[in-house]
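Visitor: One file is attached below, protein.txt, containing compact mmCIF, C-alpha atoms.
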# COMPACT_ATOMS: atom_id res chain seq x y z
CA MET A 60 -5.92 41.64 -26.65
CA SER A 61 -3.09 39.09 -27.01
CA THR A 62 -2.95 38.63 -23.23
CA GLY A 63 -6.63 37.76 -23.11
CA THR A 64 -6.27 35.32 -25.97
CA GLY A 65 -3.27 33.67 -24.28
CA THR A 66 -5.15 33.33 -21.00
CA GLY A 67 -8.16 31.82 -22.77
CA GLY A 68 -5.90 29.38 -24.63
CA ARG A 69 -4.30 28.26 -21.39
CA ARG A 70 -7.72 27.72 -19.87
CA VAL A 71 -8.79 25.60 -22.82
CA ALA A 72 -5.53 23.64 -22.60
CA LEU A 73 -6.28 22.83 -18.96
CA LEU A 74 -9.42 20.90 -19.91
CA PRO A 75 -7.63 17.96 -21.59
CA THR A 76 -5.10 17.90 -18.75
CA ALA A 77 -7.91 17.76 -16.18
CA ALA A 78 -9.63 15.00 -18.15
CA LEU A 79 -6.40 12.98 -18.24
CA LEU A 80 -5.89 13.46 -14.51
CA LEU A 81 -9.43 12.26 -13.79
CA GLY A 82 -8.88 9.24 -16.02
CA ALA A 83 -5.60 8.45 -14.25
CA ILE A 84 -7.28 8.72 -10.85
CA TYR A 85 -10.13 6.49 -12.04
CA CYS A 86 -7.61 3.81 -13.09
CA LEU A 87 -5.28 4.13 -10.11
CA VAL A 88 -7.80 4.17 -7.26
CA PRO A 89 -8.76 0.46 -7.60
CA ALA A 90 -5.09 -0.52 -7.85
CA VAL A 91 -4.22 1.50 -4.75
CA TRP A 92 -7.19 0.02 -2.90
CA ILE A 93 -6.06 -3.53 -3.70
CA LEU A 94 -2.51 -2.67 -2.62
CA ILE A 95 -3.78 -1.42 0.74
CA ALA A 96 -6.41 -4.13 1.25
CA ALA A 97 -3.92 -6.93 0.54
CA THR A 98 -1.86 -5.81 3.55
CA LYS A 99 -4.79 -5.96 5.96
CA SER A 100 -5.74 -8.88 8.12
CA ARG A 101 -9.17 -10.44 7.84
CA SER A 102 -10.47 -8.43 10.77
CA GLU A 103 -9.12 -5.17 9.32
CA LEU A 104 -10.28 -5.70 5.73
CA PHE A 105 -13.53 -3.76 5.99
CA SER A 106 -12.11 -1.25 8.44
CA THR A 107 -11.12 2.28 7.42
CA ALA A 108 -8.67 2.67 10.28
CA THR A 109 -5.67 1.80 8.09
CA TYR A 110 -5.11 3.84 4.94
CA LEU A 111 -1.46 3.09 4.19
CA PRO A 112 -0.08 -0.28 3.04
CA SER A 113 2.02 -2.14 5.56
CA PHE A 114 3.86 -5.16 4.17
CA GLY A 115 4.25 -6.71 7.54
CA GLY A 116 2.33 -9.32 9.45
CA GLY A 117 -1.01 -8.87 7.69
CA PHE A 118 0.37 -9.22 4.17
CA LEU A 119 2.65 -12.14 5.03
CA ARG A 120 -0.17 -13.87 6.89
CA ASN A 121 -2.44 -13.48 3.86
CA ILE A 122 0.22 -15.04 1.62
CA ARG A 123 0.64 -17.95 4.02
CA ASP A 124 -3.12 -18.49 4.18
CA LEU A 125 -3.35 -18.26 0.39
CA SER A 126 -0.57 -20.82 0.00
CA ALA A 127 -2.25 -23.14 2.50
CA TYR A 128 -5.72 -22.91 0.94
CA ASP A 129 -6.73 -26.20 -0.70
CA GLY A 130 -3.17 -27.52 -0.74
CA GLY A 131 -1.69 -24.43 -2.39
CA ILE A 132 -3.91 -24.58 -5.45
CA TYR A 133 -3.40 -20.85 -6.04
CA TRP A 134 0.20 -21.47 -7.17
CA HIS A 135 -1.07 -24.22 -9.45
CA TRP A 136 -3.42 -21.68 -11.03
CA LEU A 137 -0.50 -19.30 -11.39
CA LEU A 138 1.57 -21.91 -13.21
CA ASN A 139 -1.41 -22.69 -15.45
CA SER A 140 -1.75 -19.01 -16.36
CA LEU A 141 1.97 -18.82 -17.15
CA LEU A 142 1.67 -21.92 -19.33
CA TYR A 143 -1.39 -20.65 -21.21
CA ALA A 144 -0.04 -17.14 -21.69
CA PHE A 145 3.55 -18.03 -22.60
CA VAL A 146 2.86 -20.98 -24.90
CA GLY A 147 -0.17 -19.29 -26.44
CA GLY A 148 1.72 -16.01 -26.86
CA VAL A 149 4.71 -17.66 -28.56
CA LEU A 150 2.62 -19.81 -30.89
CA ALA A 151 0.21 -16.99 -31.72
CA SER A 152 3.15 -14.68 -32.49
CA ALA A 153 4.62 -17.31 -34.83
CA VAL A 154 1.29 -17.76 -36.63
CA SER A 155 0.81 -13.99 -36.87
CA ALA A 156 4.35 -13.54 -38.22
CA ALA A 157 3.86 -16.17 -40.92
CA CYS A 158 0.44 -14.86 -41.97
CA GLY A 159 1.47 -11.20 -41.86
CA TYR A 160 4.66 -11.87 -43.83
CA ALA A 161 2.77 -13.81 -46.49
CA LEU A 162 0.11 -11.11 -46.85
CA ALA A 163 2.76 -8.38 -47.09
CA LYS A 164 5.33 -10.01 -49.37
CA TYR A 165 3.39 -12.31 -51.69
CA THR A 166 0.85 -11.45 -54.35
CA PHE A 167 -1.90 -14.01 -54.86
CA ARG A 168 -5.53 -14.06 -55.85
CA GLY A 169 -7.86 -13.10 -53.04
CA ARG A 170 -5.14 -11.56 -50.85
CA ASP A 171 -7.11 -8.38 -50.18
CA THR A 172 -10.26 -10.38 -49.46
CA VAL A 173 -8.42 -12.53 -46.93
CA PHE A 174 -6.95 -9.45 -45.26
CA ASN A 175 -10.36 -7.77 -45.08
CA LEU A 176 -11.83 -10.89 -43.46
CA ILE A 177 -9.02 -10.82 -40.91
CA LEU A 178 -9.79 -7.17 -40.17
CA ALA A 179 -13.43 -8.13 -39.69
CA GLY A 180 -12.26 -10.68 -37.14
CA VAL A 181 -10.71 -7.87 -35.10
CA LEU A 182 -14.16 -6.34 -34.68
CA LEU A 183 -15.81 -9.62 -33.68
CA PRO A 184 -16.45 -9.88 -29.90
CA GLN A 185 -14.85 -12.90 -28.25
CA ILE A 186 -18.08 -13.77 -26.49
CA VAL A 187 -19.64 -14.55 -29.88
CA LEU A 188 -16.94 -17.17 -30.57
CA ALA A 189 -16.88 -18.87 -27.17
CA ILE A 190 -19.81 -21.25 -27.67
CA PRO A 191 -18.92 -22.25 -31.28
CA GLN A 192 -15.35 -22.90 -30.17
CA TYR A 193 -16.60 -25.03 -27.29
CA LEU A 194 -18.84 -27.08 -29.61
CA LEU A 195 -16.02 -27.54 -32.11
CA LEU A 196 -13.46 -28.67 -29.53
CA SER A 197 -15.98 -30.89 -27.76
CA HIS A 198 -16.56 -32.68 -31.08
CA PHE A 199 -12.88 -33.66 -31.02
CA GLY A 200 -12.86 -34.43 -27.29
CA LEU A 201 -10.51 -31.57 -26.42
CA THR A 202 -12.62 -29.71 -23.86
CA ASP A 203 -11.44 -29.56 -20.24
CA SER A 204 -7.81 -29.76 -21.37
CA TYR A 205 -4.90 -27.37 -21.73
CA ALA A 206 -5.31 -27.49 -25.52
CA ALA A 207 -8.87 -26.18 -25.18
CA VAL A 208 -7.51 -22.87 -23.87
CA ILE A 209 -4.40 -22.62 -26.08
CA LEU A 210 -5.73 -23.64 -29.50
CA PRO A 211 -8.43 -20.92 -29.86
CA GLN A 212 -5.80 -18.28 -29.03
CA LEU A 213 -3.43 -19.19 -31.86
CA PHE A 214 -5.22 -17.16 -34.52
CA ASN A 215 -5.02 -13.53 -33.50
CA PRO A 216 -6.48 -11.19 -36.17
CA TYR A 217 -5.00 -8.07 -34.61
CA GLY A 218 -1.57 -9.70 -34.37
CA ILE A 219 -1.74 -10.68 -38.06
CA TYR A 220 -2.71 -7.12 -38.93
CA LEU A 221 0.26 -5.70 -36.99
CA CYS A 222 2.66 -8.23 -38.53
CA ARG A 223 1.51 -7.42 -42.04
CA ILE A 224 2.00 -3.70 -41.46
CA TYR A 225 5.40 -4.23 -39.87
CA ALA A 226 6.60 -6.74 -42.48
CA ALA A 227 5.64 -4.38 -45.29
CA ALA A 228 7.62 -1.55 -43.66
CA SER A 229 10.67 -3.39 -42.32
CA VAL A 230 11.44 -6.21 -44.77
CA PRO A 231 12.89 -4.78 -48.02
CA ASP A 232 11.83 -6.51 -51.22
CA ALA A 233 15.34 -5.99 -52.63
CA MET A 234 16.82 -8.08 -49.82
CA LEU A 235 14.38 -10.91 -50.54
CA GLU A 236 15.16 -10.77 -54.26
CA ALA A 237 18.88 -10.94 -53.49
CA GLY A 238 18.27 -14.02 -51.37
CA ARG A 239 16.27 -15.69 -54.16
CA ILE A 240 19.09 -14.99 -56.63
CA ASP A 241 21.50 -16.68 -54.20
CA GLY A 242 19.24 -19.74 -54.20
CA ALA A 243 17.60 -19.36 -50.80
CA SER A 244 14.22 -21.06 -50.39
CA GLU A 245 11.14 -19.07 -49.41
CA PHE A 246 11.08 -20.66 -45.98
CA ARG A 247 14.72 -19.79 -45.38
CA LEU A 248 14.06 -16.20 -46.47
CA PHE A 249 11.21 -16.01 -43.99
CA ARG A 250 13.25 -17.59 -41.19
CA SER A 251 16.60 -15.85 -41.77
CA VAL A 252 15.50 -12.48 -43.15
CA GLY A 253 11.86 -11.85 -42.40
CA LEU A 254 11.77 -13.00 -38.79
CA ARG A 255 15.02 -11.23 -37.90
CA LEU A 256 13.77 -7.92 -39.22
CA MET A 257 10.34 -8.39 -37.62
CA VAL A 258 11.61 -9.12 -34.09
CA PRO A 259 10.67 -5.70 -32.59
CA GLY A 260 7.16 -5.99 -33.99
CA LEU A 261 6.86 -9.58 -32.79
CA VAL A 262 7.77 -8.49 -29.26
CA THR A 263 4.79 -6.15 -29.36
CA VAL A 264 2.51 -8.91 -30.67
CA PHE A 265 3.77 -11.31 -27.99
CA LEU A 266 3.18 -8.79 -25.20
CA LEU A 267 -0.34 -8.01 -26.40
CA GLN A 268 -1.20 -11.69 -26.77
CA PHE A 269 0.36 -12.60 -23.43
CA ILE A 270 -1.72 -9.96 -21.66
CA ALA A 271 -4.87 -10.98 -23.53
CA ILE A 272 -4.47 -14.65 -22.56
CA TRP A 273 -3.41 -13.80 -19.00
CA ASN A 274 -6.54 -11.70 -18.47
CA ASN A 275 -8.88 -13.98 -20.43
CA PHE A 276 -11.76 -15.23 -18.32
CA LEU A 277 -14.57 -16.28 -20.64
CA LEU A 278 -12.76 -18.89 -22.75
CA PRO A 279 -11.26 -20.95 -19.87
CA PHE A 280 -14.49 -20.52 -17.90
CA VAL A 281 -16.43 -22.12 -20.76
CA MET A 282 -13.84 -24.75 -21.66
CA LEU A 283 -12.66 -26.02 -18.27
CA SER A 284 -14.43 -27.82 -15.45
CA ASN A 285 -11.46 -29.27 -13.56
CA ASP A 286 -10.18 -26.67 -11.09
CA GLU A 287 -6.63 -28.05 -11.41
CA ARG A 288 -6.52 -26.65 -14.95
CA PHE A 289 -7.98 -23.26 -14.07
CA PRO A 290 -5.96 -20.13 -14.81
CA LEU A 291 -5.81 -17.37 -12.22
CA THR A 292 -8.83 -15.53 -13.60
CA VAL A 293 -11.20 -18.47 -13.25
CA GLY A 294 -9.52 -19.71 -10.08
CA LEU A 295 -9.89 -16.39 -8.29
CA TYR A 296 -13.51 -16.19 -9.48
CA SER A 297 -14.24 -19.60 -7.99
CA LEU A 298 -12.53 -18.53 -4.78
CA LEU A 299 -14.65 -15.37 -4.74
CA ARG A 300 -17.82 -17.43 -5.14
CA HIS A 301 -16.83 -19.50 -2.11
CA GLY A 302 -16.15 -16.21 -0.31
CA ALA A 303 -19.81 -15.27 -0.63
CA ALA A 304 -20.50 -17.89 2.04
CA GLU A 305 -17.17 -17.46 3.85
CA ALA A 306 -16.15 -13.80 4.14
CA SER A 307 -12.66 -14.69 5.36
CA LEU A 308 -11.77 -15.75 1.80
CA TYR A 309 -12.04 -12.16 0.57
CA SER A 310 -8.57 -11.43 1.92
CA LEU A 311 -7.19 -14.37 -0.05
CA VAL A 312 -8.87 -13.18 -3.25
CA ILE A 313 -7.48 -9.67 -2.84
CA THR A 314 -3.98 -10.92 -2.04
CA GLY A 315 -4.11 -13.33 -4.97
CA THR A 316 -5.21 -10.51 -7.28
CA LEU A 317 -2.26 -8.37 -6.19
CA LEU A 318 0.21 -11.22 -6.72
CA SER A 319 -1.24 -11.97 -10.15
CA VAL A 320 -0.12 -8.55 -11.40
CA LEU A 321 3.55 -9.13 -10.57
CA PRO A 322 4.37 -11.54 -13.47
CA VAL A 323 2.91 -9.06 -15.97
CA ILE A 324 4.96 -6.21 -14.53
CA ALA A 325 8.09 -8.38 -14.61
CA LEU A 326 7.43 -9.26 -18.26
CA PHE A 327 7.06 -5.65 -19.28
CA LEU A 328 10.25 -4.67 -17.47
CA SER A 329 12.26 -7.56 -18.93
CA LEU A 330 11.11 -6.90 -22.51
CA GLN A 331 11.15 -3.12 -22.31
CA ARG A 332 14.48 -2.77 -24.13
CA ASP A 333 13.20 -4.95 -26.98
CA TRP A 334 9.88 -3.15 -27.30
CA LYS A 335 11.09 -0.83 -30.07
CA ILE A 336 9.51 -0.49 -33.47
CA ASP A 337 12.43 0.54 -35.67
CA LEU A 338 14.36 -0.92 -38.59
CA VAL A 339 17.81 -0.54 -37.06
CA SER A 340 17.16 -2.72 -34.01
CA GLY A 341 15.45 -5.32 -36.21
CA ALA A 342 18.27 -5.40 -38.77
CA VAL A 343 20.98 -5.73 -36.10
CA ARG A 344 19.25 -8.83 -34.76
With the file now loaded, output its structure as structure tokens.
Guide:
Amino acid sequence: MSTGTGTGGRRVALLPTAALLLGAIYCLVPAVWILIAATKSRSELFSTATYLPSFGGGFLRNIRDLSAYDGGIYWHWLLNSLLYAFVGGVLASAVSAACGYALAKYTFRGRDTVFNLILAGVLLPQIVLAIPQYLLLSHFGLTDSYAAVILPQLFNPYGIYLCRIYAAASVPDAMLEAGRIDGASEFRLFRSVGLRLMVPGLVTVFLLQFIAIWNNFLLPFVMLSNDERFPLTVGLYSLLRHGAAEASLYSLVITGTLLSVLPVIALFLSLQRDWKIDLVSGAVR
């Protein structure tokens, strides 16, 4: 009887494992396809003769062609994406830290209402905000500029939510009271105590915001018309549209897509040791 039950339990346990494996395959197949396709020449792109990536002549030739296309505008798009994602990520993390700290450590009228409105903002689709944001920025003459992409990203409801939760758990009230007794101002307490203890949580907020801005397509697509200010997402889309009439550009789009993943991977690897949510690492800093 126990043997049958054990066998049945193992069979049931295999179902979630199989589902996870299918999900992993579903996510990995496009990435593997891009890795292989980026190493093919234009004539080999739609051929099934080559199944393994070969970072030789085909891949290097695609990079050279991509760098030569329109005066190397791809690398300009890459720098734009780095600018949008890094500046927007840092500023959004600072705004989230200040708002989350205030909501966690100060008691004022309407605090819960403000926090509930912020939570409602998490559920609001970005596509709903794109047109109002465009109309608002166009009123001030800021469309088709770098500020048009960065400014709407500064207020991140999910980042504020994470910072409030982390500030409430990692910043002791007793330490703040001790600082007030010593005569420290509220801003100094936030800068010297709150931010230091919140660093691990802020790394998480920065990573999430960096990825969100790096992958954002709709906002820069609506805001920008000058291709010299395009990020990679919009730039590759414009290149793909030109490829509809010129099939040879498909290789450049695929190669550019593969290269666009490398900065994100490098960021994750460089910040991996800081991506820890614990009080000890925050207090040491």
Visitor: Quick one: of A:Ile270, A:Leu278, A:Val264, A:Leu162, who's nearest to Arg223 in chain A, counting all atoms listed in the file?
Guide: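 Residue with the minimum atom-to-atom distance to Arg223 in chain A: A:Leu162.
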Visitor: If we count all atoms listed in the file and set the cut-off at 12 Å, which residues sit around range 206-210 of chain A, ignoring sequence neighbours fewer than 2 positions away in its own chain? Please answer as a count of residues only.
Guide: 50
Visitor: Give me, please, the distance in Å between CA of Val230 in chain A and CA of Thr166 in chain A, quoted to one decimal.
Guide: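 Here the two named atoms are 15.2 Å from each other.
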Visitor: Fewer than 5 positions away in the same chain doesn't count, so skip those; otherwise give me all residues within 9 Å of range 115-130 of chain A, counting all atoms listed in the file, as a PyMOL selection string.
Guide: chain A and resi 96-101+308+310-312+314-315
Visitor: Calculated over all atoms listed in the file, which of the candidates A:Ala78, A:Val91, A:Tyr85, A:Ile186 has the smallest distance to Leu317 in chain A?
Guide: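 Of the candidates, the smallest distance to Leu317 in chain A is held by A:Val91.
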Visitor: For Val320 in chain A, which residue among A:Pro211, A:Leu94, A:Glu103, A:Ser155 is the nearest when counting all atoms listed in the file?
Guide: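 Among the listed residues, A:Leu94 lies closest to Val320 in chain A.
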Visitor: Near Gly238 in chain A, counting only C-alpha atoms, which residues have an atom at most 12 Å away, once you skip same-chain residues fewer than 3 positions from it, shown as a PyMOL selection string?
Guide: chain A and resi 231-235+241-253
Visitor: As an exercise, work out the distance from CA of Ala83 in chain A to CA of Ile324 in chain A in Å and give it to one decimal place.
Guide: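 Between CA of Ala83 in chain A and CA of Ile324 in chain A the gap works out to 18.1 Å.
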Visitor: I want to know what sits within 8 Å of range 167-177 of chain A, based on all atoms listed in the file, with residues of the same chain fewer than 5 positions away left out; could you give that as a ChimeraX atom specification?
Guide: /A:162,216-217,219-220
Visitor: Grab the residues selected above and save them as a PDB file, in the frame of the given file with C-alpha atoms.
Guide:
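Final output, result.pdb:
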ATOM      1  CA  LEU A 162       0.110 -11.110 -46.850  1.00  0.00           C
ATOM      2  CA  PRO A 216      -6.480 -11.190 -36.170  1.00  0.00           C
ATOM      3  CA  TYR A 217      -5.000  -8.070 -34.610  1.00  0.00           C
ATOM      4  CA  ILE A 219      -1.740 -10.680 -38.060  1.00  0.00           C
ATOM      5  CA  TYR A 220      -2.710  -7.120 -38.930  1.00  0.00           C
TER       6      TYR A 220
END
Visitor: Between CA of Asn274 in chain A and CA of Thr292 in chain A, measure the distance and give it in Å to one decimal.
Guide: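 So the two atoms, CA of Asn274 in chain A and CA of Thr292 in chain A, lie 6.6 Å apart.
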